[in-house]
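Asks: Submitted below is the structure of interest, expressed as structure tokens.
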Amino acid sequence: MNTRQESITTGPASAAFVAAGIGCAVLGLFTTLAEASTGIKDFLNWWDPGGPLTGKTGMAVIIWLIAWIVLHQAWRNKSVDFGRAFTITLVLIGLGAIGTFPTFFQLFAH
Amino acid sequence: MSFTDREFWTVIHGMGFGAIFLLAFAGGLAGLWSFRPEYVTIAGLHERLRRLLAGTWIMAIVAWLTVISGTYKAYPWYRANPPEGADLSDFPRSRLLADETTAAWHHFGMEWKEHVAWLAPILATAVAFVVMRYGLALAEQPAVRRACMVLFVLSFVAAAIAGVFGAFITKTVPIL
């Protein structure tokens, strides 16, 4: 924890936020894909009682964490363009919100 | 007065974790808003950082507990398939779908709630990490601090949608 006022780059924040956006977008993607494809829906059925929701959310969490580790390693000591990174974050979250909205993903129901 | 095992877990999932989540959100958002050198002294920033860390991490942890308990405890009970001739009152999803006047509670309400809820802990964890990582330096990074507030609010909105639909669905077809 940084308890001293010291210069700190925007890299760690950018990595955390963009990765979170990726996690959200992946959840939206798999939610929609599961609706469109029986094969993907079956693949995402990681635990029968919970059904494909377990795989959709499991994939989102796994990819989120991997993205975070990769981005943090790449950006932790860099001053990334934070405005651009945050814009990307919001777009990804928006995609995730759309992809998890029933009126949207049910359009792809097979 | 007693709860069944299932009622207990749905109360914990919705009301227990939900109440803590709301309190943590309120405290965390207020803390993020006021975490500025123009509002407080250096000593004040030190003091507020502790509460900010607590608020953001409690919200993140509780959000995870909520979605995990929902997906792996309450949701399986909700979506269980009834055997032939069973009383549908013990099978909430099937009961909702059996009546066209209530089917939308599942097709829209539950389908939205079960997915959008998972955005909350992901976003809340990102905010909690940034607060921890930047600490006092967050007060000197207004863009990062504002971004934290935006994601914190979005996390709350995702959880609120899930919570509202959860409450309505439980009212309509309680898990007994």
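Please note that chains go A, B, ... in the order of the structure tokens, that every chain numbers its residues from 1, and that ligands are numbered from 1 in the order shown.
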Got a sec to pull out which chain A residues are within 10 Å of chain B, counting only C-alpha atoms, and send them as an mmCIF file with C-alpha atoms, in the first residue's frame?

Replies:
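The resulting selection27.cif:
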```cif
data_model
loop_
_atom_site.group_PDB
_atom_site.id
_atom_site.type_symbol
_atom_site.label_atom_id
_atom_site.label_comp_id
_atom_site.auth_asym_id
_atom_site.auth_seq_id
_atom_site.Cartn_x
_atom_site.Cartn_y
_atom_site.Cartn_z
ATOM 1 C CA MET A 1 0.000 0.000 0.000
ATOM 2 C CA ASN A 2 1.272 3.409 -0.951
ATOM 3 C CA THR A 3 1.024 5.550 2.151
ATOM 4 C CA ARG A 4 3.579 8.127 1.080
ATOM 5 C CA GLN A 5 2.948 10.953 -1.333
ATOM 6 C CA GLU A 6 5.264 9.891 -4.117
ATOM 7 C CA SER A 7 5.182 10.131 -7.821
ATOM 8 C CA ILE A 8 3.263 7.164 -9.203
ATOM 9 C CA THR A 9 2.541 6.325 -12.785
ATOM 10 C CA THR A 10 -0.915 5.797 -14.262
ATOM 11 C CA PRO A 12 -1.256 0.291 -12.529
ATOM 12 C CA ALA A 13 -4.638 2.048 -12.578
ATOM 13 C CA SER A 14 -4.899 1.738 -16.347
ATOM 14 C CA ALA A 15 -4.088 -1.960 -16.173
ATOM 15 C CA ALA A 16 -6.648 -2.605 -13.437
ATOM 16 C CA PHE A 17 -9.410 -0.713 -15.202
ATOM 17 C CA VAL A 18 -8.804 -2.021 -18.730
ATOM 18 C CA ALA A 19 -8.593 -5.573 -17.393
ATOM 19 C CA ALA A 20 -11.890 -5.081 -15.541
ATOM 20 C CA GLY A 21 -13.403 -3.848 -18.786
ATOM 21 C CA ILE A 22 -12.107 -6.944 -20.555
ATOM 22 C CA GLY A 23 -13.691 -9.154 -17.903
ATOM 23 C CA CYS A 24 -17.038 -7.430 -18.373
ATOM 24 C CA ALA A 25 -16.842 -7.663 -22.149
ATOM 25 C CA LEU A 27 -18.985 -12.027 -19.829
ATOM 26 C CA GLY A 28 -21.176 -10.259 -22.361
ATOM 27 C CA THR A 31 -23.553 -14.813 -22.594
ATOM 28 C CA TRP A 47 -21.485 -27.542 -13.177
ATOM 29 C CA ASP A 48 -24.900 -29.018 -13.906
ATOM 30 C CA PRO A 49 -26.847 -27.470 -11.023
ATOM 31 C CA GLY A 50 -25.687 -23.999 -12.043
ATOM 32 C CA GLY A 51 -25.695 -24.626 -15.762
ATOM 33 C CA LEU A 53 -23.837 -19.511 -16.042
ATOM 34 C CA THR A 54 -20.949 -21.176 -14.228
ATOM 35 C CA LYS A 56 -19.796 -17.841 -18.627
ATOM 36 C CA THR A 57 -18.793 -16.256 -15.343
ATOM 37 C CA ALA A 60 -14.979 -13.951 -17.517
ATOM 38 C CA VAL A 61 -13.112 -14.179 -14.210
ATOM 39 C CA TRP A 64 -10.080 -10.867 -16.434
ATOM 40 C CA LEU A 65 -7.331 -12.066 -14.103
ATOM 41 C CA TRP A 68 -4.840 -7.928 -15.401
ATOM 42 C CA PHE A 82 -4.950 7.295 -18.725
ATOM 43 C CA GLY A 83 -7.714 9.111 -20.555
ATOM 44 C CA PHE A 86 -10.304 4.744 -19.280
ATOM 45 C CA THR A 87 -12.230 5.363 -22.480
ATOM 46 C CA THR A 89 -12.474 0.605 -20.187
ATOM 47 C CA LEU A 90 -15.866 2.263 -20.488
ATOM 48 C CA ILE A 93 -17.921 -2.270 -19.852
ATOM 49 C CA GLY A 96 -20.424 -6.235 -21.375
ATOM 50 C CA ALA A 97 -23.593 -4.479 -20.289
ATOM 51 C CA ILE A 98 -25.108 -4.914 -23.751
ATOM 52 C CA GLY A 99 -24.038 -8.530 -24.014
ATOM 53 C CA THR A 100 -25.650 -9.379 -20.675
ATOM 54 C CA PHE A 101 -28.912 -7.582 -21.455
ATOM 55 C CA PRO A 102 -31.608 -10.173 -22.226
ATOM 56 C CA THR A 103 -33.306 -8.186 -24.985
ATOM 57 C CA PHE A 105 -28.588 -11.699 -26.287
ATOM 58 C CA GLN A 106 -31.960 -13.358 -26.788
#
```

Asks: Compile the contact shell of Pro52 of chain A as a list in words: residues with an atom at most 8 Å away, counting only C-alpha atoms, same-chain residues fewer than 3 positions apart removed.

Replies: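 Residues meeting the cut-off are Ala34, Lys41, Asp42, Phe43, Leu44, Asn45, Trp46, Trp47, Asp48, Gly55 and Lys56 of chain A.
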
Asks: Got a sec: who's within 9 Å of Pro174 of chain B, counting only C-alpha atoms, leaving out chain neighbours fewer than 6 positions off, as number ranges by chain?

Replies: B: 7, 78, 89-90, 92

Asks: Output as a PyMOL selection string all residues of chain A that backbone DSSP marks as alpha helix (DSSP H).

Replies: chain A and resi 11-36+38-43+52-75+82-99+102-105

Asks: With C-alpha atoms retained, write the just-selected residues as a tab-separated table (two decimals), in the first residue's frame.

Replies:
```
chain	number	residue	atom	x	y	z
A	11	GLY	CA	0.11	2.34	-15.44
A	12	PRO	CA	-1.26	0.29	-12.53
A	13	ALA	CA	-4.64	2.05	-12.58
A	14	SER	CA	-4.90	1.74	-16.35
A	15	ALA	CA	-4.09	-1.96	-16.17
A	16	ALA	CA	-6.65	-2.60	-13.44
A	17	PHE	CA	-9.41	-0.71	-15.20
A	18	VAL	CA	-8.80	-2.02	-18.73
A	19	ALA	CA	-8.59	-5.57	-17.39
A	20	ALA	CA	-11.89	-5.08	-15.54
A	21	GLY	CA	-13.40	-3.85	-18.79
A	22	ILE	CA	-12.11	-6.94	-20.56
A	23	GLY	CA	-13.69	-9.15	-17.90
A	24	CYS	CA	-17.04	-7.43	-18.37
A	25	ALA	CA	-16.84	-7.66	-22.15
A	26	VAL	CA	-15.95	-11.35	-22.01
A	27	LEU	CA	-18.99	-12.03	-19.83
A	28	GLY	CA	-21.18	-10.26	-22.36
A	29	LEU	CA	-19.55	-12.16	-25.21
A	30	PHE	CA	-20.00	-15.60	-23.69
A	31	THR	CA	-23.55	-14.81	-22.59
A	32	THR	CA	-24.44	-13.98	-26.18
A	33	LEU	CA	-22.46	-16.87	-27.68
A	34	ALA	CA	-24.15	-19.35	-25.34
A	35	GLU	CA	-27.48	-18.17	-26.64
A	36	ALA	CA	-26.37	-18.51	-30.24
A	38	THR	CA	-25.67	-25.10	-28.37
A	39	GLY	CA	-22.09	-26.30	-28.55
A	40	ILE	CA	-20.77	-23.26	-26.70
A	41	LYS	CA	-23.62	-23.45	-24.23
A	42	ASP	CA	-22.72	-27.07	-23.49
A	43	PHE	CA	-19.03	-26.18	-23.18
A	52	PRO	CA	-23.90	-22.51	-18.39
A	53	LEU	CA	-23.84	-19.51	-16.04
A	54	THR	CA	-20.95	-21.18	-14.23
A	55	GLY	CA	-18.87	-21.31	-17.40
A	56	LYS	CA	-19.80	-17.84	-18.63
A	57	THR	CA	-18.79	-16.26	-15.34
A	58	GLY	CA	-15.85	-18.61	-14.90
A	59	MET	CA	-14.41	-17.64	-18.27
A	60	ALA	CA	-14.98	-13.95	-17.52
A	61	VAL	CA	-13.11	-14.18	-14.21
A	62	ILE	CA	-10.24	-16.23	-15.63
A	63	ILE	CA	-9.71	-13.96	-18.63
A	64	TRP	CA	-10.08	-10.87	-16.43
A	65	LEU	CA	-7.33	-12.07	-14.10
A	66	ILE	CA	-5.02	-13.09	-16.94
A	67	ALA	CA	-5.53	-9.73	-18.66
A	68	TRP	CA	-4.84	-7.93	-15.40
A	69	ILE	CA	-1.61	-9.80	-14.77
A	70	VAL	CA	-0.40	-9.20	-18.33
A	71	LEU	CA	-1.34	-5.52	-18.43
A	72	HIS	CA	0.02	-4.84	-14.96
A	73	GLN	CA	3.34	-6.40	-15.85
A	74	ALA	CA	3.47	-4.33	-19.05
A	75	TRP	CA	2.35	-0.99	-17.62
A	82	PHE	CA	-4.95	7.30	-18.72
A	83	GLY	CA	-7.71	9.11	-20.56
A	84	ARG	CA	-7.46	6.72	-23.46
A	85	ALA	CA	-7.21	3.70	-21.18
A	86	PHE	CA	-10.30	4.74	-19.28
A	87	THR	CA	-12.23	5.36	-22.48
A	88	ILE	CA	-11.35	1.86	-23.60
A	89	THR	CA	-12.47	0.61	-20.19
A	90	LEU	CA	-15.87	2.26	-20.49
A	91	VAL	CA	-16.37	0.93	-24.01
A	92	LEU	CA	-15.57	-2.60	-22.83
A	93	ILE	CA	-17.92	-2.27	-19.85
A	94	GLY	CA	-20.58	-1.01	-22.25
A	95	LEU	CA	-20.11	-4.07	-24.43
A	96	GLY	CA	-20.42	-6.24	-21.37
A	97	ALA	CA	-23.59	-4.48	-20.29
A	98	ILE	CA	-25.11	-4.91	-23.75
A	99	GLY	CA	-24.04	-8.53	-24.01
A	102	PRO	CA	-31.61	-10.17	-22.23
A	103	THR	CA	-33.31	-8.19	-24.98
A	104	PHE	CA	-29.98	-8.22	-26.83
A	105	PHE	CA	-28.59	-11.70	-26.29
```

Asks: Just to confirm, what's the straight-line distance from atom CA of Val153 of chain B to atom CA of Arg48 of chain B in Å (one decimal)?

Replies: 19.3 Å

Asks: Show me, as a list in words, the residues that have an atom within 9 Å of Phe168 of chain B when counting only C-alpha atoms, minus same-chain residues fewer than 5 positions from it.

Replies: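 Once the nearby chain positions are removed, what remains is Trp105, Gly109, Gly163 and Val173 of chain B.
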